[in-house]
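So the structure is just underneath, and the comments pick up after that.
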Amino acid sequence: MNNRLRKIYYRLNSGKNSKPLYFATSILRMLVPRRILRSRLHDKLLGSVGRDDSDYIFDRVNYYCKLERSTPYDKDEWARRAVPIGEQPAVRPKVYWYDAMRYARWFSPSLRWVYVPGDVSRGMDVPTIVKSRPVGEDGMMSVLLKLNEVRHYIYVNDKTPWREKKDMAVFRGGITGPRRIANRKPFVERWFGHGMFDIGVINKEFPQWHTPKMTIAEQLGYKFVMALEGNDVASNLKWVMSSNSIAVMPRPRVETWYMEGRLIPGYHYIEVKPDFSDVADRLTYYINHPEEAEAIIAHQHEWAAQFRDTRRETLISLLVLDKYFGIMR
């Protein structure tokens with residue numbers, strides 16, 4: 001297949017979420033008057049009380065928003081940066097704004113926040129709404145919302161059993177920007193051309209490694225999929241964990257709504273060293289121990305499933321903002 005046909009094929013079969021559908025749905029949501037949402041907020045939040053899964057819900061709320069009233073921060077600096085949510089500019093990337101306002105519009109437009117869109121890998125110095133944050137103490141001021149959902153939250157219906165897939169790991173991704181170069185280039189340099197890997201870099205700046213993009217369905221023909229952090233997290237991790245392939249990666253250093261920081265090595269994914277020196281050995285081990293590999297896949301499915309209850313996800317999102325606004329008043 002020549003490059004032109006390959007591009008057309010990829011565009012039609014990538015397996016990613018539809019951006020036009022996402023924007024159409026988001027615009028329709030924005031047409032719902034704020035007063036209707038605000039009139040329902042109290043009952044919506046009250047619905048979290050007495051549920052069978054209420055402990056689970058509030059555990060997640062407190063994980064996403066680790067702030068407490070006693071948390072020290074520079075209140076004057078926060079006040080200088082904060083804006084009323086009703087006046088929040090629709091800055092690009094606009095998908096972040098649509099996702100943030102999907103939940104913020106339930107609250108009074110006079111409430112104030114500090115909101116930073118985009119890929120964030122650093123910790124915040126004042127309480128801030130973000131998509132991503134460092135795992136651990138450096139992320140204490142960063143309050144997570146489910147932002148850029150259209151790109152990151154892809155789930156697949158993978159019917160091919162793990163044992164019927166190729167005994168290889170696949171990687172397709174970009175290597176542009178300091179973090180992507182740091183997180184991905186060492187892997188490509190070490191293993192490109194090795195028989196256990198199908199590796200391709202989609203940037204033409206690296207002609208020695210450049211290959212066309214590969215659809216999600218094509219990548220799922222492999223037992224293992226490399227999930228390497230980019231500007232923040234590994235964007236493919238969600239669909240890999242809903243599949244019958246296994247995510248392979250160093251321990252996450254950045255996390256999102258998906259709670260990457262809570263994933264357990266050897267249970268939810270195959271952990272490899274940050275320098276990738278042990279990847280081939282780790283793959284060989286699981287190829288020779290298929291029962292352990294299939295146990296990881298079952299745990300991946302359990303983890304991915306918890307984010308697919310849309311009503312509960314909305315409730316948790318509103319509770320996160322309710323906690324944030326309650327502390328910041």
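Labels for the structure tokens follow display order: chains A, B, ..., residues from 1 in each chain, ligands from 1.
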Using only C-alpha atoms, find each residue in region 238-260 of chain A having at least one atom no more than 12 Å away from region 108-129 of chain A; report its shortest atom-to-atom pair and that distance in Å (one decimal), rows by chain then rising number, as a Markdown table.
```
| residue | atom | partner | partner_atom | distance |
| --- | --- | --- | --- | --- |
| A:Pro252 | CA | A:Ser121 | CA | 11.3 |
| A:Arg253 | CA | A:Ser121 | CA | 8.5 |
| A:Val254 | CA | A:Ser121 | CA | 6.2 |
| A:Glu255 | CA | A:Ser121 | CA | 8.5 |
| A:Thr256 | CA | A:Val120 | CA | 9.6 |
| A:Trp257 | CA | A:Ile129 | CA | 11.7 |
```
| Non-local contacts of Arg105 (chain A) (9 Å; only C-alpha atoms; under 2 positions in same chain excluded) as a list in words |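 Contacts, in chain order: Met30, Pro33, Arg34, Arg35, Leu37, Arg38, Ile85, Gly86, Ala100, Met101, Arg102, Tyr103, Phe107, Ser108 and Pro109 of chain A.
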| task | Find the distance between CA of Gly200 (chain A) and CA of Met214 (chain A) and write it in Å to one decimal. | result | 8.9 Å
| Where in region 168-246 of chain A does DSSP assign strand (DSSP E), given as a list in words? | Met168, Ala169, Val170, Phe171, Arg172, Gly173, Phe197, Asp198, Ile199, Gly200, Val201, Tyr222, Lys223, Phe224, Val225, Met226 and Ile246 of chain A
Contact check, region 293-326 of chain A to region 240-245 of chain A, at most 7 Å, counting only C-alpha atoms, closest pairs as a Markdown table:
```
| residue | atom | partner | partner_atom | distance |
| --- | --- | --- | --- | --- |
| A:Ile297 | CA | A:Asn244 | CA | 6.1 |
| A:Gln300 | CA | A:Met241 | CA | 4.8 |
| A:His301 | CA | A:Ser242 | CA | 5.2 |
| A:Ala304 | CA | A:Ser242 | CA | 5.7 |
```
| message | Quick one: residues within 8 Å of Tyr10 (chain A), only C-alpha atoms, excluding same-chain residues fewer than 3 positions away - as a ChimeraX atom specification? | response | /A:6-7,13-14,213-215
Given the selection you just returned, output its residues as a file containing C-alpha atoms, formatted as a PDB file, in the first residue's frame.
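Final output, saved to again_7.pdb:
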```
ATOM      1  CA  ARG A   6      -2.049   4.307   3.651  1.00  0.00           C
ATOM      2  CA  LYS A   7      -2.981   7.783   4.907  1.00  0.00           C
ATOM      3  CA  ASN A  13      -9.833   3.142  10.283  1.00  0.00           C
ATOM      4  CA  SER A  14      -7.677   4.708  13.005  1.00  0.00           C
ATOM      5  CA  LYS A 213       0.871   5.443  11.450  1.00  0.00           C
ATOM      6  CA  MET A 214      -0.732   2.176  12.500  1.00  0.00           C
ATOM      7  CA  THR A 215      -4.407   1.788  13.403  1.00  0.00           C
TER       8      THR A 215
END
```
| request: Using backbone DSSP assignments, extract all helix (DSSP H, G or I) residues from region 160-320 of chain A; output them as number ranges by chain. | output: A: 162-164, 178-191, 216-219, 237-241, 260-262, 279-288, 290-305, 310-320
| field | Glu218 (chain A) surroundings by only C-alpha atoms, 12 Å radius, close-in-sequence under 6 positions cut, as a PyMOL selection string | value | chain A and resi 9-10+13-15+158+160+165-166+170-172+198+225+245
